[in-house]
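K.L.:
The following file, input_29.pdb, comprises PDB, C-alpha atoms:
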```pdb
ATOM      1  CA  MET A  24       8.715 -14.288  23.707
ATOM      2  CA  ASN A  25       8.304 -18.073  24.088
ATOM      3  CA  ASP A  26      10.154 -20.763  22.091
ATOM      4  CA  ILE A  27       7.235 -21.325  19.699
ATOM      5  CA  THR A  28       7.003 -17.607  18.950
ATOM      6  CA  LYS A  29      10.776 -17.390  18.442
ATOM      7  CA  LYS A  30      10.694 -20.270  15.964
ATOM      8  CA  SER A  31       7.754 -18.665  14.140
ATOM      9  CA  VAL A  32       9.558 -15.310  13.862
ATOM     10  CA  LYS A  33      12.749 -17.006  12.658
ATOM     11  CA  LYS A  34      10.850 -18.963  10.006
ATOM     12  CA  LYS A  35       8.950 -15.917   8.721
ATOM     13  CA  GLY A  36      11.749 -13.422   9.257
ATOM     14  CA  HIS A  37       9.351 -10.919  10.809
ATOM     15  CA  THR A  38       6.723 -10.275  13.450
ATOM     16  CA  ARG A  39       3.196  -9.260  12.476
ATOM     17  CA  SER A  40       3.419  -6.097  14.565
ATOM     18  CA  GLN A  41       5.928  -4.727  12.043
ATOM     19  CA  PHE A  42       3.189  -4.199   9.455
ATOM     20  CA  LYS A  43       0.479  -1.599   9.151
ATOM     21  CA  LEU A  44      -1.881   0.046   6.702
ATOM     22  CA  THR A  45      -1.173   3.651   5.752
ATOM     23  CA  LYS A  46      -3.566   6.500   6.435
ATOM     24  CA  GLU A  47      -4.475   6.555   2.734
ATOM     25  CA  GLN A  48      -5.183   2.804   2.690
ATOM     26  CA  ILE A  49      -7.479   3.049   5.711
ATOM     27  CA  LYS A  50      -9.378   5.915   4.092
ATOM     28  CA  LEU A  51      -9.718   3.784   0.962
ATOM     29  CA  LEU A  52     -10.984   0.864   3.062
ATOM     30  CA  ILE A  53     -13.637   3.072   4.672
ATOM     31  CA  LYS A  54     -14.647   4.503   1.294
ATOM     32  CA  HIS A  55     -15.280   1.004  -0.069
ATOM     33  CA  ALA A  56     -17.353  -0.249   2.864
ATOM     34  CA  GLU A  57     -20.842  -1.103   1.647
ATOM     35  CA  LYS A  58     -22.977   0.824   4.121
ATOM     36  CA  LEU A  59     -22.843   3.306   6.976
ATOM     37  CA  ARG A  60     -22.747   0.561   9.628
ATOM     38  CA  ASP A  61     -19.694  -1.008   7.974
ATOM     39  CA  LYS A  62     -17.921   2.347   7.620
ATOM     40  CA  ILE A  63     -18.453   3.043  11.321
ATOM     41  CA  ILE A  64     -17.174  -0.408  12.297
ATOM     42  CA  ILE A  65     -13.964   0.145  10.341
ATOM     43  CA  LYS A  66     -13.587   3.691  11.694
ATOM     44  CA  ILE A  67     -13.948   2.576  15.315
ATOM     45  CA  LEU A  68     -11.403  -0.194  14.770
ATOM     46  CA  ALA A  69      -8.975   2.262  13.154
ATOM     47  CA  TYR A  70      -9.448   5.237  15.477
ATOM     48  CA  CYS A  71      -9.822   3.387  18.783
ATOM     49  CA  GLY A  72      -7.711   0.284  18.118
ATOM     50  CA  LEU A  73     -10.399  -1.992  19.527
ATOM     51  CA  ARG A  74     -10.292  -5.763  19.509
ATOM     52  CA  ARG A  75     -13.115  -7.500  17.607
ATOM     53  CA  PHE A  76     -14.920  -8.763  20.703
ATOM     54  CA  GLU A  77     -14.721  -5.308  22.320
ATOM     55  CA  LEU A  78     -16.379  -3.727  19.301
ATOM     56  CA  ALA A  79     -19.047  -6.429  19.047
ATOM     57  CA  LYS A  80     -20.214  -5.949  22.650
ATOM     58  CA  ILE A  81     -20.665  -2.150  22.588
ATOM     59  CA  ARG A  82     -24.154  -1.191  23.727
ATOM     60  CA  ILE A  83     -25.924   2.079  23.020
ATOM     61  CA  GLU A  84     -25.947   2.692  26.782
ATOM     62  CA  ASP A  85     -22.127   2.534  26.685
ATOM     63  CA  LEU A  86     -21.969   5.410  24.216
ATOM     64  CA  ASN A  87     -21.991   9.030  25.402
ATOM     65  CA  LEU A  88     -21.982  11.434  22.463
ATOM     66  CA  GLU A  89     -21.980  14.449  24.772
ATOM     67  CA  THR A  90     -18.608  13.545  26.260
ATOM     68  CA  ASN A  91     -17.545  11.503  23.189
ATOM     69  CA  LYS A  92     -16.709   8.439  25.263
ATOM     70  CA  ILE A  93     -17.409   4.741  24.759
ATOM     71  CA  ARG A  94     -17.376   2.357  27.704
ATOM     72  CA  ILE A  95     -15.452  -0.708  26.589
ATOM     73  CA  PHE A  96     -15.333  -4.118  28.240
ATOM     74  CA  GLY A  97     -11.935  -5.577  27.454
ATOM     75  CA  LYS A  98      -9.978  -8.644  28.451
ATOM     76  CA  LYS A  99     -11.099 -10.183  31.776
ATOM     77  CA  ASN A 100     -14.135  -7.878  31.424
ATOM     78  CA  ILE A 101     -12.082  -4.886  32.623
ATOM     79  CA  GLU A 102     -13.837  -1.601  31.875
ATOM     80  CA  ARG A 103     -12.201   1.407  30.260
ATOM     81  CA  LEU A 104     -13.287   4.509  28.374
ATOM     82  CA  ALA A 105     -12.358   4.963  24.721
ATOM     83  CA  THR A 106     -12.347   8.473  23.291
ATOM     84  CA  ILE A 107     -14.119   9.418  20.060
ATOM     85  CA  PHE A 108     -11.691  12.168  19.087
ATOM     86  CA  SER A 109     -12.878  12.317  15.459
ATOM     87  CA  ASP A 110     -15.750  14.781  15.029
ATOM     88  CA  GLN A 111     -16.775  13.027  11.821
ATOM     89  CA  LEU A 112     -17.019   9.640  13.554
ATOM     90  CA  ALA A 113     -19.187  11.204  16.262
ATOM     91  CA  GLU A 114     -21.516  12.635  13.591
ATOM     92  CA  ASP A 115     -21.619   9.295  11.756
ATOM     93  CA  LEU A 116     -22.654   7.571  14.986
ATOM     94  CA  LYS A 117     -25.472  10.066  15.579
ATOM     95  CA  VAL A 118     -26.837   9.515  12.059
ATOM     96  CA  TYR A 119     -26.493   5.735  12.331
ATOM     97  CA  ILE A 120     -28.275   5.518  15.691
ATOM     98  CA  ARG A 121     -31.075   7.844  14.641
ATOM     99  CA  TYR A 122     -31.795   6.736  11.100
ATOM    100  CA  VAL A 123     -30.475   3.172  10.835
ATOM    101  CA  LEU A 124     -31.310   1.901  14.332
ATOM    102  CA  ASN A 125     -34.378   4.180  14.678
ATOM    103  CA  ASN A 126     -33.050   5.970  17.763
ATOM    104  CA  PRO A 127     -33.227   3.262  20.460
ATOM    105  CA  LYS A 128     -32.159   4.085  24.016
ATOM    106  CA  GLN A 129     -30.600   0.713  24.714
ATOM    107  CA  GLY A 130     -29.430  -2.462  23.032
ATOM    108  CA  TYR A 131     -26.364  -3.395  21.042
ATOM    109  CA  LEU A 132     -24.829  -0.755  18.788
ATOM    110  CA  PHE A 133     -24.246  -3.435  16.170
ATOM    111  CA  PRO A 134     -27.087  -5.964  16.479
ATOM    112  CA  ALA A 135     -26.747  -9.540  15.257
ATOM    113  CA  VAL A 136     -27.341  -9.943  11.528
ATOM    114  CA  SER A 137     -28.620 -13.515  11.859
ATOM    115  CA  SER A 138     -31.481 -14.867  13.963
ATOM    116  CA  LEU A 139     -29.252 -17.868  14.667
ATOM    117  CA  ASN A 140     -26.905 -15.600  16.624
ATOM    118  CA  LYS A 141     -28.269 -15.896  20.166
ATOM    119  CA  LYS A 142     -25.839 -13.390  21.658
ATOM    120  CA  GLY A 143     -27.770 -10.494  20.156
ATOM    121  CA  HIS A 144     -24.732  -8.613  18.907
ATOM    122  CA  ILE A 145     -22.748  -8.833  15.702
ATOM    123  CA  SER A 146     -20.352 -11.783  15.631
ATOM    124  CA  THR A 147     -16.585 -11.468  15.352
ATOM    125  CA  THR A 148     -16.854 -13.563  12.184
ATOM    126  CA  GLU A 149     -19.173 -10.960  10.649
ATOM    127  CA  ILE A 150     -16.752  -8.186  11.631
ATOM    128  CA  ASN A 151     -14.000 -10.115   9.830
ATOM    129  CA  ARG A 152     -16.222 -10.408   6.766
ATOM    130  CA  ILE A 153     -17.053  -6.687   6.707
ATOM    131  CA  VAL A 154     -13.391  -5.660   6.885
ATOM    132  CA  ALA A 155     -12.234  -8.275   4.351
ATOM    133  CA  LYS A 156     -14.997  -7.362   1.896
ATOM    134  CA  ALA A 157     -14.114  -3.666   2.049
ATOM    135  CA  GLY A 158     -10.507  -4.664   1.406
ATOM    136  CA  HIS A 159     -11.486  -6.679  -1.663
ATOM    137  CA  ARG A 160     -13.555  -3.802  -3.033
ATOM    138  CA  ALA A 161     -10.633  -1.414  -2.444
ATOM    139  CA  HIS A 162      -8.143  -3.887  -4.011
ATOM    140  CA  LEU A 163      -6.108  -3.966  -0.814
ATOM    141  CA  ASN A 164      -4.193  -6.972   0.495
ATOM    142  CA  ASN A 165      -3.019  -7.508   4.042
ATOM    143  CA  PRO A 166       0.570  -6.175   4.322
ATOM    144  CA  ILE A 167       1.485  -9.210   6.458
ATOM    145  CA  PRO A 168       3.114 -11.540   3.866
ATOM    146  CA  GLU A 169       1.461 -14.786   4.988
ATOM    147  CA  LEU A 170      -2.030 -13.254   5.045
ATOM    148  CA  LYS A 171      -4.192 -12.140   2.134
ATOM    149  CA  ASN A 172      -7.331 -10.474   3.485
ATOM    150  CA  ILE A 173      -7.436  -7.251   5.451
ATOM    151  CA  ASN A 174      -8.537  -8.144   8.976
ATOM    152  CA  PRO A 175      -9.546  -6.192  12.097
ATOM    153  CA  HIS A 176      -6.262  -6.864  13.889
ATOM    154  CA  ILE A 177      -4.193  -5.102  11.216
ATOM    155  CA  LEU A 178      -6.314  -2.022  11.952
ATOM    156  CA  ARG A 179      -5.326  -2.279  15.627
ATOM    157  CA  HIS A 180      -1.638  -2.472  14.655
ATOM    158  CA  SER A 181      -2.129   0.403  12.210
ATOM    159  CA  CYS A 182      -3.804   2.537  14.856
ATOM    160  CA  ALA A 183      -0.818   2.137  17.188
ATOM    161  CA  ARG A 184       1.773   2.830  14.500
ATOM    162  CA  ILE A 185      -0.035   5.855  13.058
ATOM    163  CA  LEU A 186      -0.484   7.391  16.510
ATOM    164  CA  LYS A 187       3.248   6.970  17.175
ATOM    165  CA  ASP A 188       4.129   8.391  13.750
ATOM    166  CA  ARG A 189       2.051  11.494  14.503
ATOM    167  CA  GLY A 190       4.034  12.170  17.648
ATOM    168  CA  LEU A 191       1.738  10.718  20.296
ATOM    169  CA  SER A 192       3.531   9.613  23.450
ATOM    170  CA  LEU A 193       3.671   5.963  24.486
ATOM    171  CA  GLU A 194       1.289   6.553  27.386
ATOM    172  CA  VAL A 195      -1.359   7.976  25.036
ATOM    173  CA  VAL A 196      -0.947   5.070  22.601
ATOM    174  CA  GLN A 197      -1.287   2.611  25.498
ATOM    175  CA  LYS A 198      -4.421   4.395  26.647
ATOM    176  CA  VAL A 199      -6.022   4.177  23.196
ATOM    177  CA  LEU A 200      -5.187   0.477  22.865
ATOM    178  CA  GLY A 201      -6.720  -0.387  26.204
ATOM    179  CA  HIS A 202      -3.740  -0.537  28.532
ATOM    180  CA  LEU A 203      -5.550   1.754  30.949
ATOM    181  CA  SER A 204      -8.245   0.540  33.315
ATOM    182  CA  TYR A 205     -11.624   2.259  33.651
ATOM    183  CA  LYS A 206     -10.946   3.232  37.305
ATOM    184  CA  THR A 207      -7.811   5.103  36.293
ATOM    185  CA  THR A 208      -9.759   7.514  34.090
ATOM    186  CA  MET A 209     -10.352   9.793  37.081
ATOM    187  CA  ASP A 210      -6.656   9.927  37.956
ATOM    188  CA  LEU A 211      -3.363  10.819  36.362
ATOM    189  CA  TYR A 212      -1.693   8.257  34.129
ATOM    190  CA  GLY A 213       2.018   8.844  33.716
ATOM    191  CA  THR A 214       2.540  12.575  33.248
ATOM    192  CA  LYS A 215      -0.735  13.413  31.469
ATOM    193  CA  SER A 216      -4.322  13.637  32.669
ATOM    194  CA  ILE A 217      -7.100  11.990  30.663
ATOM    195  CA  SER A 218      -8.334  15.375  29.395
ATOM    196  CA  GLU A 219      -4.804  16.270  28.277
ATOM    197  CA  MET A 220      -4.502  12.979  26.410
ATOM    198  CA  ASP A 221      -7.868  13.506  24.727
ATOM    199  CA  GLN A 222      -6.844  16.984  23.624
ATOM    200  CA  GLU A 223      -3.561  15.663  22.233
ATOM    201  CA  LEU A 224      -5.441  13.008  20.248
ATOM    202  CA  LYS A 225      -7.810  15.591  18.822
ATOM    203  CA  GLU A 226      -5.037  17.985  17.848
ATOM    204  CA  LYS A 227      -2.566  15.486  16.381
ATOM    205  CA  VAL A 228      -4.973  12.942  14.881
ATOM    206  CA  GLY A 229      -8.492  14.415  14.661
ATOM    207  CA  ASP A 230     -10.349  13.316  11.520
ATOM    208  CA  ILE A 231      -7.330  11.663   9.912
ATOM    209  CA  PHE A 232      -9.441   8.892   8.296
ATOM    210  CA  GLY A 233     -12.457  11.081   7.523
TER     211      GLY A 233
END
```
What is this structure when it is put down as structure tokens?

P.N.:
Amino acid sequence: MNDITKKSVKKKGHTRSQFKLTKEQIKLLIKHAEKLRDKIIIKILAYCGLRRFELAKIRIEDLNLETNKIRIFGKKNIERLATIFSDQLAEDLKVYIRYVLNNPKQGYLFPAVSSLNKKGHISTTEINRIVAKAGHRAHLNNPIPELKNINPHILRHSCARILKDRGLSLEVVQKVLGHLSYKTTMDLYGTKSISEMDQELKEKVGDIFG
């Protein structure tokens, strides 16, 4: 922790990682999302603990609904595989791709909403707006005292804390949050194989958010 961070913590009396949404609050957030796309965005953030830019860049080609894996490009463009361990999220994605996106074989999972967005995928600003708007509709405030709106990063914190609370080991939590490189997915990580970790996620977490 650097000097600036130490001063910030001392002034606030807390670190932001101390705070999380409860399972019930996340379910309420999903319930109050305006459309299927928005519900899926919030679910992926909550279940997989993704960063905003990781979510925005997901392509349909990165999604394998037979193995329930998503190829994610994280910091420094390092690849990893995220697991869709919620059966309901997998079904939501199938419906969304088929009926909302009209079943394309490639392209961004969440296309840009504005023609001014030249990147082709949804912006991180739009992801912020979707999460904050669902929070307003659900009458939820950010549990971090100095913040008001629910934001994507609180969902990442919540994902980590909820996984720990449900008895998931540190290595599994690290894997979900992206502390595991793509190349390592064929090997052992710590004491558990990838398939063992996936099974543990399914058994202990499953469809916790619906």

K.L.:
Between CA of Asn151 (chain A) and CA of Leu104 (chain A), measure the distance and give it in Å to one decimal.

P.N.:
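These two atoms are separated by 23.6 Å.
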
K.L.:
Select, counting all atoms listed in the file, all protein, DNA and RNA residues no farther than 7 Å from (-22.1, -5.0, 22.5) in file coordinates, and express the selection as a PDB file with C-alpha atoms, keeping the file's coordinate frame.

P.N.:
```pdb
ATOM      1  CA  LEU A  78     -16.379  -3.727  19.301  1.00  0.00           C
ATOM      2  CA  ALA A  79     -19.047  -6.429  19.047  1.00  0.00           C
ATOM      3  CA  LYS A  80     -20.214  -5.949  22.650  1.00  0.00           C
ATOM      4  CA  ILE A  81     -20.665  -2.150  22.588  1.00  0.00           C
ATOM      5  CA  ARG A  82     -24.154  -1.191  23.727  1.00  0.00           C
ATOM      6  CA  TYR A 131     -26.364  -3.395  21.042  1.00  0.00           C
ATOM      7  CA  LEU A 132     -24.829  -0.755  18.788  1.00  0.00           C
ATOM      8  CA  PHE A 133     -24.246  -3.435  16.170  1.00  0.00           C
ATOM      9  CA  HIS A 144     -24.732  -8.613  18.907  1.00  0.00           C
TER      10      HIS A 144
END
```

K.L.:
Between CA of Ile153 (chain A) and CA of Leu86 (chain A), measure the distance and give it in Å to one decimal.

P.N.:
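Taking CA of Ile153 (chain A) and CA of Leu86 (chain A), their separation equals 21.8 Å.
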
K.L.:
Report as a VMD selection string the residues that result from applying the PyMOL selection byres ((chain A and resi 106-115) around 9) to the structure here.

P.N.:
chain A and resid 59 62 to 63 66 to 67 70 to 71 88 90 to 93 104 to 105 116 to 120 199 221 to 222 224 to 226 228 to 233

K.L.:
Take the residues that were just selected and, keeping C-alpha atoms, output them as a compact mmCIF listing (two decimals), in the frame of the given file.

P.N.:
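What follows is the written file again.txt:
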```
# COMPACT_ATOMS: atom_id res chain seq x y z
CA LEU A 59 -22.84 3.31 6.98
CA LYS A 62 -17.92 2.35 7.62
CA ILE A 63 -18.45 3.04 11.32
CA LYS A 66 -13.59 3.69 11.69
CA ILE A 67 -13.95 2.58 15.32
CA TYR A 70 -9.45 5.24 15.48
CA CYS A 71 -9.82 3.39 18.78
CA LEU A 88 -21.98 11.43 22.46
CA THR A 90 -18.61 13.54 26.26
CA ASN A 91 -17.55 11.50 23.19
CA LYS A 92 -16.71 8.44 25.26
CA ILE A 93 -17.41 4.74 24.76
CA LEU A 104 -13.29 4.51 28.37
CA ALA A 105 -12.36 4.96 24.72
CA LEU A 116 -22.65 7.57 14.99
CA LYS A 117 -25.47 10.07 15.58
CA VAL A 118 -26.84 9.52 12.06
CA TYR A 119 -26.49 5.74 12.33
CA ILE A 120 -28.28 5.52 15.69
CA VAL A 199 -6.02 4.18 23.20
CA ASP A 221 -7.87 13.51 24.73
CA GLN A 222 -6.84 16.98 23.62
CA LEU A 224 -5.44 13.01 20.25
CA LYS A 225 -7.81 15.59 18.82
CA GLU A 226 -5.04 17.98 17.85
CA VAL A 228 -4.97 12.94 14.88
CA GLY A 229 -8.49 14.42 14.66
CA ASP A 230 -10.35 13.32 11.52
CA ILE A 231 -7.33 11.66 9.91
CA PHE A 232 -9.44 8.89 8.30
CA GLY A 233 -12.46 11.08 7.52
```

K.L.:
On this structure, which residues satisfy the PyMOL selection byres ((chain A and resi 72) around 9), written as a list in words?

P.N.:
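For this structure, the PyMOL selection byres ((chain A and resi 72) around 9) captures Ile67, Leu68, Ala69, Tyr70, Cys71, Leu73, Arg74, His176, Leu178, Arg179, His180, Ser181, Cys182, Ala183, Val199, Leu200 and Gly201 of chain A.
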
K.L.:
Let me know the residues the PyMOL selection byres ((chain A and resi 51) around 9) catches in the file above, as a list in words.

P.N.:
Lys46, Glu47, Gln48, Ile49, Lys50, Leu52, Ile53, Lys54, His55, Ala56, Ala157, Gly158, Ala161, Leu163 and Phe232 of chain A

K.L.:
Please list as a compact mmCIF listing (two decimals) with C-alpha atoms, in the frame of the given file every residue within 12 Å of Val136 (chain A), counting only C-alpha atoms and excluding residues in the same chain fewer than 6 positions away.

P.N.:
```txt
# COMPACT_ATOMS: atom_id res chain seq x y z
CA ARG A 60 -22.75 0.56 9.63
CA ALA A 79 -19.05 -6.43 19.05
CA LYS A 142 -25.84 -13.39 21.66
CA GLY A 143 -27.77 -10.49 20.16
CA HIS A 144 -24.73 -8.61 18.91
CA ILE A 145 -22.75 -8.83 15.70
CA SER A 146 -20.35 -11.78 15.63
CA THR A 147 -16.58 -11.47 15.35
CA THR A 148 -16.85 -13.56 12.18
CA GLU A 149 -19.17 -10.96 10.65
CA ILE A 150 -16.75 -8.19 11.63
CA ILE A 153 -17.05 -6.69 6.71
```

K.L.:
Take region 79-115 of chain A, bring it up to N, CA and C atoms, and give me the output as a PDB file, in the frame of the given file.

P.N.:
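Printed below is result-v2.pdb as written:
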```pdb
ATOM      1  N   ALA A  79     -17.776  -5.702  19.180  1.00  0.00           N
ATOM      2  CA  ALA A  79     -19.047  -6.429  19.047  1.00  0.00           C
ATOM      3  C   ALA A  79     -19.967  -6.192  20.237  1.00  0.00           C
ATOM      4  N   LYS A  80     -19.399  -6.025  21.427  1.00  0.00           N
ATOM      5  CA  LYS A  80     -20.214  -5.949  22.650  1.00  0.00           C
ATOM      6  C   LYS A  80     -20.637  -4.533  23.032  1.00  0.00           C
ATOM      7  N   ILE A  81     -20.268  -3.524  22.238  1.00  0.00           N
ATOM      8  CA  ILE A  81     -20.665  -2.150  22.588  1.00  0.00           C
ATOM      9  C   ILE A  81     -22.189  -2.030  22.573  1.00  0.00           C
ATOM     10  N   ARG A  82     -22.715  -1.460  23.634  1.00  0.00           N
ATOM     11  CA  ARG A  82     -24.154  -1.191  23.727  1.00  0.00           C
ATOM     12  C   ARG A  82     -24.397   0.311  23.584  1.00  0.00           C
ATOM     13  N   ILE A  83     -25.578   0.669  23.176  1.00  0.00           N
ATOM     14  CA  ILE A  83     -25.924   2.079  23.020  1.00  0.00           C
ATOM     15  C   ILE A  83     -25.786   2.801  24.358  1.00  0.00           C
ATOM     16  N   GLU A  84     -26.087   2.098  25.445  1.00  0.00           N
ATOM     17  CA  GLU A  84     -25.947   2.692  26.782  1.00  0.00           C
ATOM     18  C   GLU A  84     -24.491   2.978  27.129  1.00  0.00           C
ATOM     19  N   ASP A  85     -23.557   2.324  26.435  1.00  0.00           N
ATOM     20  CA  ASP A  85     -22.127   2.534  26.685  1.00  0.00           C
ATOM     21  C   ASP A  85     -21.581   3.750  25.946  1.00  0.00           C
ATOM     22  N   LEU A  86     -22.403   4.321  25.094  1.00  0.00           N
ATOM     23  CA  LEU A  86     -21.969   5.410  24.216  1.00  0.00           C
ATOM     24  C   LEU A  86     -22.500   6.742  24.741  1.00  0.00           C
ATOM     25  N   ASN A  87     -21.597   7.694  24.968  1.00  0.00           N
ATOM     26  CA  ASN A  87     -21.991   9.030  25.402  1.00  0.00           C
ATOM     27  C   ASN A  87     -21.478  10.034  24.380  1.00  0.00           C
ATOM     28  N   LEU A  88     -22.389  10.518  23.526  1.00  0.00           N
ATOM     29  CA  LEU A  88     -21.982  11.434  22.463  1.00  0.00           C
ATOM     30  C   LEU A  88     -21.963  12.887  22.915  1.00  0.00           C
ATOM     31  N   GLU A  89     -22.197  13.117  24.201  1.00  0.00           N
ATOM     32  CA  GLU A  89     -21.980  14.449  24.772  1.00  0.00           C
ATOM     33  C   GLU A  89     -20.531  14.595  25.237  1.00  0.00           C
ATOM     34  N   THR A  90     -20.008  13.524  25.819  1.00  0.00           N
ATOM     35  CA  THR A  90     -18.608  13.545  26.260  1.00  0.00           C
ATOM     36  C   THR A  90     -17.685  12.864  25.251  1.00  0.00           C
ATOM     37  N   ASN A  91     -18.297  12.246  24.216  1.00  0.00           N
ATOM     38  CA  ASN A  91     -17.545  11.503  23.189  1.00  0.00           C
ATOM     39  C   ASN A  91     -16.703  10.372  23.794  1.00  0.00           C
ATOM     40  N   LYS A  92     -17.353   9.583  24.628  1.00  0.00           N
ATOM     41  CA  LYS A  92     -16.709   8.439  25.263  1.00  0.00           C
ATOM     42  C   LYS A  92     -17.504   7.161  24.979  1.00  0.00           C
ATOM     43  N   ILE A  93     -16.783   6.051  24.878  1.00  0.00           N
ATOM     44  CA  ILE A  93     -17.409   4.741  24.759  1.00  0.00           C
ATOM     45  C   ILE A  93     -16.882   3.877  25.898  1.00  0.00           C
ATOM     46  N   ARG A  94     -17.797   3.297  26.667  1.00  0.00           N
ATOM     47  CA  ARG A  94     -17.376   2.357  27.704  1.00  0.00           C
ATOM     48  C   ARG A  94     -17.102   1.016  27.043  1.00  0.00           C
ATOM     49  N   ILE A  95     -15.902   0.526  27.224  1.00  0.00           N
ATOM     50  CA  ILE A  95     -15.452  -0.708  26.589  1.00  0.00           C
ATOM     51  C   ILE A  95     -15.198  -1.768  27.656  1.00  0.00           C
ATOM     52  N   PHE A  96     -15.626  -2.992  27.362  1.00  0.00           N
ATOM     53  CA  PHE A  96     -15.333  -4.118  28.240  1.00  0.00           C
ATOM     54  C   PHE A  96     -14.267  -4.970  27.554  1.00  0.00           C
ATOM     55  N   GLY A  97     -13.063  -4.917  28.091  1.00  0.00           N
ATOM     56  CA  GLY A  97     -11.935  -5.577  27.454  1.00  0.00           C
ATOM     57  C   GLY A  97     -11.646  -6.949  28.010  1.00  0.00           C
ATOM     58  N   LYS A  98     -10.382  -7.346  27.944  1.00  0.00           N
ATOM     59  CA  LYS A  98      -9.978  -8.644  28.451  1.00  0.00           C
ATOM     60  C   LYS A  98     -10.272  -8.733  29.947  1.00  0.00           C
ATOM     61  N   LYS A  99     -10.705  -9.919  30.383  1.00  0.00           N
ATOM     62  CA  LYS A  99     -11.099 -10.183  31.776  1.00  0.00           C
ATOM     63  C   LYS A  99     -12.237  -9.263  32.209  1.00  0.00           C
ATOM     64  N   ASN A 100     -12.975  -8.752  31.193  1.00  0.00           N
ATOM     65  CA  ASN A 100     -14.135  -7.878  31.424  1.00  0.00           C
ATOM     66  C   ASN A 100     -13.772  -6.578  32.151  1.00  0.00           C
ATOM     67  N   ILE A 101     -12.514  -6.141  32.014  1.00  0.00           N
ATOM     68  CA  ILE A 101     -12.082  -4.886  32.623  1.00  0.00           C
ATOM     69  C   ILE A 101     -12.645  -3.721  31.827  1.00  0.00           C
ATOM     70  N   GLU A 102     -13.230  -2.759  32.527  1.00  0.00           N
ATOM     71  CA  GLU A 102     -13.837  -1.601  31.875  1.00  0.00           C
ATOM     72  C   GLU A 102     -12.806  -0.502  31.638  1.00  0.00           C
ATOM     73  N   ARG A 103     -13.000   0.211  30.528  1.00  0.00           N
ATOM     74  CA  ARG A 103     -12.201   1.407  30.260  1.00  0.00           C
ATOM     75  C   ARG A 103     -13.050   2.336  29.399  1.00  0.00           C
ATOM     76  N   LEU A 104     -12.604   3.554  29.241  1.00  0.00           N
ATOM     77  CA  LEU A 104     -13.287   4.509  28.374  1.00  0.00           C
ATOM     78  C   LEU A 104     -12.431   4.782  27.146  1.00  0.00           C
ATOM     79  N   ALA A 105     -13.017   4.596  25.975  1.00  0.00           N
ATOM     80  CA  ALA A 105     -12.358   4.963  24.721  1.00  0.00           C
ATOM     81  C   ALA A 105     -12.865   6.334  24.308  1.00  0.00           C
ATOM     82  N   THR A 106     -11.997   7.115  23.708  1.00  0.00           N
ATOM     83  CA  THR A 106     -12.347   8.473  23.291  1.00  0.00           C
ATOM     84  C   THR A 106     -12.664   8.524  21.802  1.00  0.00           C
ATOM     85  N   ILE A 107     -13.798   9.141  21.466  1.00  0.00           N
ATOM     86  CA  ILE A 107     -14.119   9.418  20.060  1.00  0.00           C
ATOM     87  C   ILE A 107     -13.560  10.810  19.770  1.00  0.00           C
ATOM     88  N   PHE A 108     -12.323  10.861  19.298  1.00  0.00           N
ATOM     89  CA  PHE A 108     -11.691  12.168  19.087  1.00  0.00           C
ATOM     90  C   PHE A 108     -11.886  12.678  17.664  1.00  0.00           C
ATOM     91  N   SER A 109     -12.535  11.885  16.816  1.00  0.00           N
ATOM     92  CA  SER A 109     -12.878  12.317  15.459  1.00  0.00           C
ATOM     93  C   SER A 109     -14.293  12.892  15.448  1.00  0.00           C
ATOM     94  N   ASP A 110     -14.423  14.153  15.102  1.00  0.00           N
ATOM     95  CA  ASP A 110     -15.750  14.781  15.029  1.00  0.00           C
ATOM     96  C   ASP A 110     -16.627  14.091  13.984  1.00  0.00           C
ATOM     97  N   GLN A 111     -16.007  13.668  12.879  1.00  0.00           N
ATOM     98  CA  GLN A 111     -16.775  13.027  11.821  1.00  0.00           C
ATOM     99  C   GLN A 111     -17.321  11.672  12.282  1.00  0.00           C
ATOM    100  N   LEU A 112     -16.538  10.919  13.021  1.00  0.00           N
ATOM    101  CA  LEU A 112     -17.019   9.640  13.554  1.00  0.00           C
ATOM    102  C   LEU A 112     -18.188   9.869  14.511  1.00  0.00           C
ATOM    103  N   ALA A 113     -18.089  10.893  15.336  1.00  0.00           N
ATOM    104  CA  ALA A 113     -19.187  11.204  16.262  1.00  0.00           C
ATOM    105  C   ALA A 113     -20.466  11.530  15.492  1.00  0.00           C
ATOM    106  N   GLU A 114     -20.342  12.300  14.411  1.00  0.00           N
ATOM    107  CA  GLU A 114     -21.516  12.635  13.591  1.00  0.00           C
ATOM    108  C   GLU A 114     -22.069  11.398  12.896  1.00  0.00           C
ATOM    109  N   ASP A 115     -21.182  10.544  12.396  1.00  0.00           N
ATOM    110  CA  ASP A 115     -21.619   9.295  11.756  1.00  0.00           C
ATOM    111  C   ASP A 115     -22.427   8.442  12.733  1.00  0.00           C
TER     112      ASP A 115
END
```
